$ cat query_24.cif   # mmCIF, C-alpha atoms
data_structure
#
loop_
_atom_site.group_PDB
_atom_site.id
_atom_site.type_symbol
_atom_site.label_atom_id
_atom_site.label_comp_id
_atom_site.auth_asym_id
_atom_site.auth_seq_id
_atom_site.Cartn_x
_atom_site.Cartn_y
_atom_site.Cartn_z
ATOM 1 C CA MET A 14 0.000 0.000 0.000
ATOM 2 C CA ASP A 15 1.286 3.474 -0.907
ATOM 3 C CA ILE A 16 0.299 6.499 1.141
ATOM 4 C CA THR A 17 1.035 9.744 -0.690
ATOM 5 C CA PRO A 18 -0.043 13.411 -0.597
ATOM 6 C CA ILE A 19 -3.445 13.861 -2.252
ATOM 7 C CA THR A 20 -3.864 15.519 -5.640
ATOM 8 C CA ARG A 21 -7.021 17.050 -7.089
ATOM 9 C CA ASP A 22 -7.298 14.043 -9.428
ATOM 10 C CA ASP A 23 -7.051 11.703 -6.436
ATOM 11 C CA PHE A 24 -9.810 13.591 -4.675
ATOM 12 C CA ARG A 25 -11.953 13.433 -7.823
ATOM 13 C CA ALA A 26 -11.531 9.632 -7.791
ATOM 14 C CA PHE A 27 -12.278 9.596 -4.056
ATOM 15 C CA TRP A 28 -15.332 11.864 -4.278
ATOM 16 C CA PRO A 29 -18.012 9.128 -4.753
ATOM 17 C CA ALA A 30 -16.776 7.358 -1.601
ATOM 18 C CA PHE A 31 -16.523 10.658 0.307
ATOM 19 C CA GLN A 32 -20.063 11.564 -0.711
ATOM 20 C CA ALA A 33 -21.456 8.141 0.221
ATOM 21 C CA ILE A 34 -19.820 8.276 3.668
ATOM 22 C CA VAL A 35 -21.057 11.792 4.397
ATOM 23 C CA LYS A 36 -24.572 11.146 3.080
ATOM 24 C CA ALA A 37 -24.857 7.971 5.192
ATOM 25 C CA GLN A 38 -24.750 10.181 8.344
ATOM 26 C CA GLU A 39 -23.368 7.364 10.442
ATOM 27 C CA THR A 40 -19.826 8.532 11.172
ATOM 28 C CA TYR A 41 -18.976 12.102 10.104
ATOM 29 C CA ALA A 42 -20.287 15.413 11.437
ATOM 30 C CA PHE A 43 -20.075 17.013 7.988
ATOM 31 C CA ASP A 44 -22.861 18.635 5.999
ATOM 32 C CA PRO A 45 -24.267 15.632 4.074
ATOM 33 C CA ASP A 46 -25.130 17.824 1.083
ATOM 34 C CA MET A 47 -21.805 19.588 0.601
ATOM 35 C CA ASP A 48 -20.594 19.984 -2.975
ATOM 36 C CA PHE A 49 -17.260 18.932 -4.454
ATOM 37 C CA ASP A 50 -15.487 22.262 -4.004
ATOM 38 C CA THR A 51 -16.562 22.622 -0.382
ATOM 39 C CA ALA A 52 -15.398 19.075 0.312
ATOM 40 C CA TRP A 53 -12.070 19.746 -1.398
ATOM 41 C CA ARG A 54 -11.541 22.832 0.754
ATOM 42 C CA LEU A 55 -12.545 21.056 3.963
ATOM 43 C CA TRP A 56 -10.663 17.789 3.405
ATOM 44 C CA CYS A 57 -7.665 18.874 1.323
ATOM 45 C CA GLU A 58 -7.025 22.616 1.659
ATOM 46 C CA LEU A 59 -7.796 23.611 5.245
ATOM 47 C CA PRO A 60 -5.908 20.726 6.891
ATOM 48 C CA GLN A 61 -2.140 20.791 7.239
ATOM 49 C CA PHE A 62 -1.712 17.483 5.342
ATOM 50 C CA THR A 63 -3.999 15.185 3.348
ATOM 51 C CA PHE A 64 -2.928 11.766 2.096
ATOM 52 C CA VAL A 65 -4.399 8.989 -0.039
ATOM 53 C CA ALA A 66 -3.811 5.271 0.302
ATOM 54 C CA LYS A 67 -3.538 3.298 -2.955
ATOM 55 C CA GLN A 68 -2.713 -0.220 -4.036
ATOM 56 C CA ASP A 69 -1.993 -1.054 -7.683
ATOM 57 C CA GLY A 70 -3.428 2.315 -8.678
ATOM 58 C CA GLU A 71 -6.693 1.682 -6.837
ATOM 59 C CA LEU A 72 -7.686 4.345 -4.313
ATOM 60 C CA LEU A 73 -8.442 2.748 -0.926
ATOM 61 C CA GLY A 74 -8.852 5.681 1.415
ATOM 62 C CA SER A 75 -7.781 9.129 2.511
ATOM 63 C CA TYR A 76 -7.011 11.020 5.683
ATOM 64 C CA TYR A 77 -6.288 14.580 6.807
ATOM 65 C CA LEU A 78 -4.180 15.892 9.684
ATOM 66 C CA LYS A 79 -4.492 19.362 11.236
ATOM 67 C CA PRO A 80 -3.934 21.129 14.539
ATOM 68 C CA ASN A 81 -6.938 20.506 16.792
ATOM 69 C CA ALA A 82 -6.745 24.072 18.139
ATOM 70 C CA ALA A 83 -4.713 27.229 17.543
ATOM 71 C CA GLY A 84 -1.997 29.044 19.511
ATOM 72 C CA PRO A 85 -1.387 27.383 22.904
ATOM 73 C CA GLY A 86 -3.453 24.374 21.799
ATOM 74 C CA ASP A 87 -1.690 23.676 18.514
ATOM 75 C CA HIS A 88 0.571 20.895 19.851
ATOM 76 C CA ILE A 89 -2.307 18.400 19.604
ATOM 77 C CA CYS A 90 -3.448 17.322 16.176
ATOM 78 C CA ASN A 91 -6.693 15.960 14.827
ATOM 79 C CA CYS A 92 -7.196 13.487 11.992
ATOM 80 C CA GLY A 93 -10.085 12.128 9.964
ATOM 81 C CA TYR A 94 -9.873 8.858 8.035
ATOM 82 C CA MET A 95 -12.150 7.521 5.306
ATOM 83 C CA VAL A 96 -11.961 4.115 3.625
ATOM 84 C CA THR A 97 -13.794 3.443 0.342
ATOM 85 C CA PRO A 98 -16.670 0.925 0.642
ATOM 86 C CA GLN A 99 -14.781 -1.574 -1.587
ATOM 87 C CA ALA A 100 -11.634 -1.455 0.573
ATOM 88 C CA ARG A 101 -13.193 -2.170 3.988
ATOM 89 C CA GLY A 102 -11.653 -4.851 6.198
ATOM 90 C CA LYS A 103 -8.220 -4.736 4.575
ATOM 91 C CA GLY A 104 -6.365 -2.801 7.250
ATOM 92 C CA VAL A 105 -6.508 0.502 5.345
ATOM 93 C CA ALA A 106 -7.667 2.568 8.335
ATOM 94 C CA ARG A 107 -5.001 0.976 10.519
ATOM 95 C CA ALA A 108 -2.275 1.705 7.958
ATOM 96 C CA MET A 109 -3.438 5.306 7.551
ATOM 97 C CA CYS A 110 -3.633 5.864 11.321
ATOM 98 C CA GLU A 111 -0.129 4.499 11.850
ATOM 99 C CA HIS A 112 1.113 6.675 8.969
ATOM 100 C CA SER A 113 -0.601 9.738 10.438
ATOM 101 C CA GLN A 114 1.076 9.201 13.799
ATOM 102 C CA ARG A 115 4.496 9.162 12.140
ATOM 103 C CA VAL A 116 3.640 12.320 10.179
ATOM 104 C CA ALA A 117 2.368 13.995 13.358
ATOM 105 C CA ILE A 118 5.454 13.156 15.391
ATOM 106 C CA LYS A 119 7.698 14.432 12.598
ATOM 107 C CA ALA A 120 5.668 17.673 12.510
ATOM 108 C CA GLY A 121 6.242 18.104 16.262
ATOM 109 C CA TYR A 122 2.819 17.207 17.647
ATOM 110 C CA LEU A 123 2.659 15.833 21.201
ATOM 111 C CA GLY A 124 -0.754 14.193 20.985
ATOM 112 C CA MET A 125 -3.586 13.230 18.642
ATOM 113 C CA GLN A 126 -7.256 13.773 19.446
ATOM 114 C CA PHE A 127 -10.466 12.571 17.803
ATOM 115 C CA ASN A 128 -13.296 14.869 18.835
ATOM 116 C CA ALA A 129 -16.378 12.884 17.882
ATOM 117 C CA VAL A 130 -16.118 9.156 17.232
ATOM 118 C CA VAL A 131 -19.722 8.018 16.922
ATOM 119 C CA ALA A 132 -20.336 5.479 19.715
ATOM 120 C CA THR A 133 -22.144 3.053 17.401
ATOM 121 C CA ASN A 134 -19.048 2.916 15.155
ATOM 122 C CA GLU A 135 -17.633 0.143 17.322
ATOM 123 C CA VAL A 136 -15.214 -1.154 14.697
ATOM 124 C CA ALA A 137 -13.490 2.231 14.601
ATOM 125 C CA ILE A 138 -13.413 2.627 18.380
ATOM 126 C CA ARG A 139 -11.885 -0.834 18.841
ATOM 127 C CA LEU A 140 -9.306 -0.146 16.120
ATOM 128 C CA TRP A 141 -8.242 3.170 17.678
ATOM 129 C CA GLN A 142 -7.985 1.428 21.058
ATOM 130 C CA THR A 143 -5.697 -1.278 19.666
ATOM 131 C CA LEU A 144 -3.572 1.563 18.239
ATOM 132 C CA GLY A 145 -3.179 3.097 21.699
ATOM 133 C CA PHE A 146 -5.992 5.657 21.799
ATOM 134 C CA GLU A 147 -8.033 6.052 24.967
ATOM 135 C CA ILE A 148 -11.600 7.260 25.396
ATOM 136 C CA ILE A 149 -11.164 10.457 27.428
ATOM 137 C CA GLY A 150 -14.775 11.630 27.310
ATOM 138 C CA THR A 151 -18.277 11.098 25.980
ATOM 139 C CA VAL A 152 -20.691 13.686 24.632
ATOM 140 C CA PRO A 153 -24.245 12.534 25.421
ATOM 141 C CA GLY A 154 -26.254 12.465 22.199
ATOM 142 C CA GLY A 155 -23.498 14.233 20.294
ATOM 143 C CA TYR A 156 -24.484 12.799 16.893
ATOM 144 C CA ARG A 157 -27.747 12.536 14.964
ATOM 145 C CA HIS A 158 -27.375 9.102 13.383
ATOM 146 C CA ARG A 159 -29.553 8.773 10.270
ATOM 147 C CA GLU A 160 -30.984 5.413 11.390
ATOM 148 C CA LEU A 161 -30.631 5.506 15.168
ATOM 149 C CA GLY A 162 -31.289 9.133 16.069
ATOM 150 C CA LEU A 163 -29.223 10.765 18.824
ATOM 151 C CA VAL A 164 -26.198 8.660 19.772
ATOM 152 C CA ASP A 165 -23.221 9.460 21.979
ATOM 153 C CA THR A 166 -19.831 10.486 20.627
ATOM 154 C CA ARG A 167 -16.497 9.493 22.151
ATOM 155 C CA ILE A 168 -13.536 11.804 22.471
ATOM 156 C CA MET A 169 -10.336 9.777 21.996
ATOM 157 C CA TYR A 170 -6.735 10.749 22.649
ATOM 158 C CA LYS A 171 -3.255 9.335 22.267
ATOM 159 C CA ARG A 172 -0.024 10.838 23.516
ATOM 160 C CA LEU A 173 2.534 10.714 20.711
ATOM 161 C CA THR A 174 6.029 9.568 21.471
ATOM 162 C CA LYS A 175 8.902 8.717 19.195
ATOM 163 C CA ALA A 176 9.304 4.993 18.611
ATOM 164 C CA MET B 23 -26.483 45.098 32.195
ATOM 165 C CA ASP B 24 -27.432 45.122 28.505
ATOM 166 C CA ILE B 25 -26.430 42.261 26.231
ATOM 167 C CA THR B 26 -26.765 43.183 22.553
ATOM 168 C CA PRO B 27 -25.429 42.006 19.161
ATOM 169 C CA ILE B 28 -21.866 43.238 18.618
ATOM 170 C CA THR B 29 -21.007 46.006 16.148
ATOM 171 C CA ARG B 30 -17.626 46.733 14.602
ATOM 172 C CA ASP B 31 -17.330 49.783 16.885
ATOM 173 C CA ASP B 32 -18.044 47.579 19.916
ATOM 174 C CA PHE B 33 -15.328 45.176 18.836
ATOM 175 C CA ARG B 34 -12.907 48.079 18.358
ATOM 176 C CA ALA B 35 -13.602 49.121 21.964
ATOM 177 C CA PHE B 36 -13.227 45.510 23.093
ATOM 178 C CA TRP B 37 -10.007 44.868 21.128
ATOM 179 C CA PRO B 38 -7.500 45.880 23.889
ATOM 180 C CA ALA B 39 -9.145 43.420 26.299
ATOM 181 C CA PHE B 40 -9.345 40.717 23.622
ATOM 182 C CA GLN B 41 -5.660 41.176 22.817
ATOM 183 C CA ALA B 42 -4.627 41.118 26.480
ATOM 184 C CA ILE B 43 -6.567 37.892 27.103
ATOM 185 C CA VAL B 44 -5.163 36.155 24.029
ATOM 186 C CA LYS B 45 -1.603 37.328 24.660
ATOM 187 C CA ALA B 46 -1.736 36.143 28.285
ATOM 188 C CA GLN B 47 -2.004 32.534 26.998
ATOM 189 C CA GLU B 48 -3.773 31.388 30.116
ATOM 190 C CA THR B 49 -7.277 30.628 28.854
ATOM 191 C CA TYR B 50 -7.756 30.751 25.055
ATOM 192 C CA ALA B 51 -6.333 28.471 22.358
ATOM 193 C CA PHE B 52 -6.107 31.359 19.890
ATOM 194 C CA ASP B 53 -3.025 32.616 18.073
ATOM 195 C CA PRO B 54 -1.671 35.188 20.588
ATOM 196 C CA ASP B 55 -0.355 37.392 17.771
ATOM 197 C CA MET B 56 -3.489 37.615 15.633
ATOM 198 C CA ASP B 57 -4.334 41.009 14.185
ATOM 199 C CA PHE B 58 -7.580 42.969 14.491
ATOM 200 C CA ASP B 59 -9.130 41.750 11.231
ATOM 201 C CA THR B 60 -8.390 38.099 11.967
ATOM 202 C CA ALA B 61 -9.866 38.491 15.442
ATOM 203 C CA TRP B 62 -12.961 40.193 14.019
ATOM 204 C CA ARG B 63 -13.461 37.324 11.583
ATOM 205 C CA LEU B 64 -12.898 34.664 14.243
ATOM 206 C CA TRP B 65 -14.954 36.214 17.044
ATOM 207 C CA CYS B 66 -17.649 38.140 15.152
ATOM 208 C CA GLU B 67 -18.048 36.844 11.591
ATOM 209 C CA LEU B 68 -17.569 33.073 11.673
ATOM 210 C CA PRO B 69 -19.813 32.411 14.713
ATOM 211 C CA GLN B 70 -23.568 32.338 14.374
ATOM 212 C CA PHE B 71 -24.049 35.079 16.999
ATOM 213 C CA THR B 72 -21.764 37.450 18.893
ATOM 214 C CA PHE B 73 -22.950 39.665 21.728
ATOM 215 C CA VAL B 74 -21.489 42.376 23.969
ATOM 216 C CA ALA B 75 -22.358 43.103 27.570
ATOM 217 C CA LYS B 76 -22.461 46.762 28.576
ATOM 218 C CA GLN B 77 -23.424 48.810 31.590
ATOM 219 C CA ASP B 78 -23.880 52.606 31.349
ATOM 220 C CA GLY B 79 -22.122 52.542 27.974
ATOM 221 C CA GLU B 80 -19.093 50.713 29.382
ATOM 222 C CA LEU B 81 -18.147 47.497 27.599
ATOM 223 C CA LEU B 82 -17.836 44.640 30.104
ATOM 224 C CA GLY B 83 -17.429 41.554 27.947
ATOM 225 C CA SER B 84 -18.362 39.643 24.829
ATOM 226 C CA TYR B 85 -19.298 36.143 23.784
ATOM 227 C CA TYR B 86 -19.863 34.146 20.613
ATOM 228 C CA LEU B 87 -22.136 31.181 19.915
ATOM 229 C CA LYS B 88 -21.725 28.733 17.024
ATOM 230 C CA PRO B 89 -22.456 25.099 16.156
ATOM 231 C CA ASN B 90 -19.733 22.897 17.642
ATOM 232 C CA ALA B 91 -19.792 20.647 14.568
ATOM 233 C CA ALA B 92 -21.519 20.480 11.189
ATOM 234 C CA GLY B 93 -24.261 18.289 9.716
ATOM 235 C CA PRO B 94 -25.334 15.540 12.145
ATOM 236 C CA GLY B 95 -23.383 17.280 14.949
ATOM 237 C CA ASP B 96 -24.869 20.749 14.572
ATOM 238 C CA HIS B 97 -27.445 20.397 17.371
ATOM 239 C CA ILE B 98 -24.757 21.109 19.981
ATOM 240 C CA CYS B 99 -23.372 24.604 20.206
ATOM 241 C CA ASN B 100 -20.115 26.038 21.453
ATOM 242 C CA CYS B 101 -19.534 29.406 23.128
ATOM 243 C CA GLY B 102 -16.566 31.499 24.156
ATOM 244 C CA TYR B 103 -16.825 34.273 26.757
ATOM 245 C CA MET B 104 -14.408 37.097 27.535
ATOM 246 C CA VAL B 105 -14.687 39.643 30.328
ATOM 247 C CA THR B 106 -12.599 42.833 30.287
ATOM 248 C CA PRO B 107 -9.952 43.035 33.049
ATOM 249 C CA GLN B 108 -11.781 45.970 34.678
ATOM 250 C CA ALA B 109 -15.108 44.110 34.850
ATOM 251 C CA ARG B 110 -13.942 40.920 36.576
ATOM 252 C CA GLY B 111 -15.846 39.643 39.593
ATOM 253 C CA LYS B 112 -19.108 41.404 38.721
ATOM 254 C CA GLY B 113 -21.044 38.445 37.392
ATOM 255 C CA VAL B 114 -20.512 39.371 33.745
ATOM 256 C CA ALA B 115 -19.490 35.850 32.662
ATOM 257 C CA ARG B 116 -22.466 34.374 34.513
ATOM 258 C CA ALA B 117 -24.863 36.850 32.883
ATOM 259 C CA MET B 118 -23.418 36.164 29.426
ATOM 260 C CA CYS B 119 -23.540 32.379 29.892
ATOM 261 C CA GLU B 120 -27.177 32.511 31.036
ATOM 262 C CA HIS B 121 -27.975 34.751 28.063
ATOM 263 C CA SER B 122 -26.201 32.387 25.678
ATOM 264 C CA GLN B 123 -28.224 29.434 26.929
ATOM 265 C CA ARG B 124 -31.459 31.292 26.209
ATOM 266 C CA VAL B 125 -30.193 32.246 22.741
ATOM 267 C CA ALA B 126 -29.104 28.640 22.097
ATOM 268 C CA ILE B 127 -32.437 27.146 23.159
ATOM 269 C CA LYS B 128 -34.290 29.647 20.980
ATOM 270 C CA ALA B 129 -32.039 28.695 18.032
ATOM 271 C CA GLY B 130 -32.933 25.030 18.565
ATOM 272 C CA TYR B 131 -29.730 23.685 20.107
ATOM 273 C CA LEU B 132 -30.029 20.644 22.388
ATOM 274 C CA GLY B 133 -26.727 21.038 24.220
ATOM 275 C CA MET B 134 -23.756 23.343 24.800
ATOM 276 C CA GLN B 135 -20.167 22.156 24.833
ATOM 277 C CA PHE B 136 -16.912 23.839 25.860
ATOM 278 C CA ASN B 137 -14.022 22.010 24.198
ATOM 279 C CA ALA B 138 -11.031 23.251 26.143
ATOM 280 C CA VAL B 139 -11.489 24.902 29.523
ATOM 281 C CA VAL B 140 -7.953 25.249 30.881
ATOM 282 C CA ALA B 141 -7.797 23.223 34.102
ATOM 283 C CA THR B 142 -5.966 25.968 35.992
ATOM 284 C CA ASN B 143 -8.829 28.372 35.232
ATOM 285 C CA GLU B 144 -10.638 27.169 38.336
ATOM 286 C CA VAL B 145 -12.882 30.214 38.638
ATOM 287 C CA ALA B 146 -14.342 29.506 35.208
ATOM 288 C CA ILE B 147 -14.758 25.777 35.843
ATOM 289 C CA ARG B 148 -16.565 26.400 39.125
ATOM 290 C CA LEU B 149 -18.794 29.006 37.501
ATOM 291 C CA TRP B 150 -19.774 26.684 34.634
ATOM 292 C CA GLN B 151 -20.470 23.946 37.170
ATOM 293 C CA THR B 152 -22.798 26.187 39.177
ATOM 294 C CA LEU B 153 -24.563 26.921 35.876
ATOM 295 C CA GLY B 154 -25.174 23.210 35.293
ATOM 296 C CA PHE B 155 -22.217 22.220 33.121
ATOM 297 C CA GLU B 156 -20.456 18.924 33.777
ATOM 298 C CA ILE B 157 -16.872 17.925 33.074
ATOM 299 C CA ILE B 158 -17.269 15.133 30.506
ATOM 300 C CA GLY B 159 -13.590 14.660 29.686
ATOM 301 C CA THR B 160 -10.023 15.826 30.187
ATOM 302 C CA VAL B 161 -7.313 16.243 27.567
ATOM 303 C CA PRO B 162 -3.951 15.554 29.220
ATOM 304 C CA GLY B 163 -1.637 18.514 28.631
ATOM 305 C CA GLY B 164 -4.078 20.054 26.166
ATOM 306 C CA TYR B 165 -2.871 23.643 26.721
ATOM 307 C CA ARG B 166 0.534 25.330 26.777
ATOM 308 C CA HIS B 167 0.047 27.811 29.611
ATOM 309 C CA ARG B 168 2.492 30.718 29.306
ATOM 310 C CA GLU B 169 3.564 30.459 32.958
ATOM 311 C CA LEU B 170 2.863 26.832 33.839
ATOM 312 C CA GLY B 171 3.677 24.932 30.662
ATOM 313 C CA LEU B 172 1.488 22.007 29.638
ATOM 314 C CA VAL B 173 -1.749 21.891 31.619
ATOM 315 C CA ASP B 174 -4.865 19.759 31.161
ATOM 316 C CA THR B 175 -8.009 21.012 29.505
ATOM 317 C CA ARG B 176 -11.556 20.070 30.543
ATOM 318 C CA ILE B 177 -14.360 19.346 28.134
ATOM 319 C CA MET B 178 -17.620 20.598 29.632
ATOM 320 C CA TYR B 179 -21.196 19.959 28.542
ATOM 321 C CA LYS B 180 -24.710 20.972 29.462
ATOM 322 C CA ARG B 181 -27.920 19.591 28.062
ATOM 323 C CA LEU B 182 -30.209 22.494 27.189
ATOM 324 C CA THR B 183 -33.829 22.337 28.162
ATOM 325 C CA LYS B 184 -36.528 24.935 28.083
ATOM 326 C CA ALA B 185 -37.161 26.540 31.484
#
$ encode --input "query_24.cif" --output "structure tokens"
Amino acid sequence: MDITPITRDDFRAFWPAFQAIVKAQETYAFDPDMDFDTAWRLWCELPQFTFVAKQDGELLGSYYLKPNAAGPGDHICNCGYMVTPQARGKGVARAMCEHSQRVAIKAGYLGMQFNAVVATNEVAIRLWQTLGFEIIGTVPGGYRHRELGLVDTRIMYKRLTKA
Amino acid sequence: MDITPITRDDFRAFWPAFQAIVKAQETYAFDPDMDFDTAWRLWCELPQFTFVAKQDGELLGSYYLKPNAAGPGDHICNCGYMVTPQARGKGVARAMCEHSQRVAIKAGYLGMQFNAVVATNEVAIRLWQTLGFEIIGTVPGGYRHRELGLVDTRIMYKRLTKA
């Protein structure tokens, strides 16, 4: 698997998956109706880094990394990961998360925080836990799940240290 | 005390206090060196609402209110409150927080979340607790305090219900 900085062509190829994930309203607190240019800005321009994961030319997923706050809070980063529907269960999220931690450490971050992991997304929560993230808080009813209504969100954190 | 929507002239009057608070690096995760126009955008333009508190024409403080996330997370709001150095200890923060809860309920929000209350800011934490907010999580070393170095930040939450 290759993980490389995203290009506009990559994001164009990724867009159907991005749209499907956002429209599903099961995992991301993004406007489900956002258009391509808004998504490009949000996912690829505003963050500090955005990468894509590919194998044999096939796009498997993408992630962004950005400071989670400004000024005296900018030593903790935040990431978002998306895996295309076809690439689920192949360790893509794990590979991207491990990659993002290396990128973050190199960029000088001291910790990584996920602000709103939807509690019903148990696969993700378990994966982040096996990668060393801890649940540090829960927002009651923090997410309006399309099928389930209001569900809790978990705040997860990992201190980053050089290997 | 009057609490009214902010004008550009209000923010100009508030700017010395805003700058002092941000430069102190004790409470806000904002760039301490931001200029007036950036601060205006951040505090007054990007949020959904921004108010000022005044008494006899004197500016006592200001607060913003905005959704804490987008799409399926936009039913929880986030606020930031600042009180001018001269107006401390007069109940201005309490008055603004109570006002913001009424504004939030009217706008349809179901909860209010503070993402990073600096743990050493005990006066603020106690005040939010007396106003019904709970600590729902702690980010270890989430803030680089100018005097104290890395200190924890508290995530606080209150469910909003009509009186």
$ resolve_selection --input "query_24.cif" --expression "the PyMOL selection byres ((chain A) within 10 of (chain B))" --output "ChimeraX atom specification"
/A:35-36,38-47,81-89,123-124,126,128-129,148-159,162-163,166-172
$ resolve_selection --input "query_24.cif" --expression "the PyMOL selection byres ((chain A and resi 21) around 12)" --output "list in words"
Pro18, Ile19, Thr20, Asp22, Asp23, Phe24, Arg25, Ala26, Phe27, Trp28, Phe49, Asp50, Ala52, Trp53, Arg54, Trp56, Cys57, Glu58, Thr63, Phe64 and Val65 of chain A
$ closest_residue --input "query_24.cif" --among "B:Ala117, B:Leu81, B:Ala129, B:Leu64" --to "B:Lys184" --atoms "only C-alpha atoms"
B:Ala129
$ resolve_selection --input "query_24.cif" --expression "the PyMOL selection byres ((chain B and resi 82) around 9)" --output "VMD selection string"
chain B and resid 23 36 74 to 77 80 to 81 83 to 84 104 to 110 114
$ residues_near_point --input "query_24.cif" --point "(-4.7, 17.2, 13.4)" --cutoff "8 Å" --atoms "only C-alpha atoms" --output "PyMOL selection string"
chain A and resi 60-61+77-81+89-92+117+125-126
$ atom_distance --input "query_24.cif" --atom1 "atom CA of B:Tyr103" --atom2 "atom CA of B:Thr183"
20.8 Å
$ atom_distance --input "query_24.cif" --atom1 "atom CA of B:Val173" --atom2 "atom CA of A:Ala137"
28.5 Å
$ atom_distance --input "query_24.cif" --atom1 "atom CA of B:Phe155" --atom2 "atom CA of B:Phe136"
9.1 Å
$ axis_aligned_box --input "query_24.cif" --around "stretch 158-169 of chain B" --padding-each-side "5 Å" --output "lines of an AutoDock Vina configuration file"
center_x = -6.9
center_y = 22.7
center_z = 29.6
size_x = 30.8
size_y = 26.1
size_z = 16.8
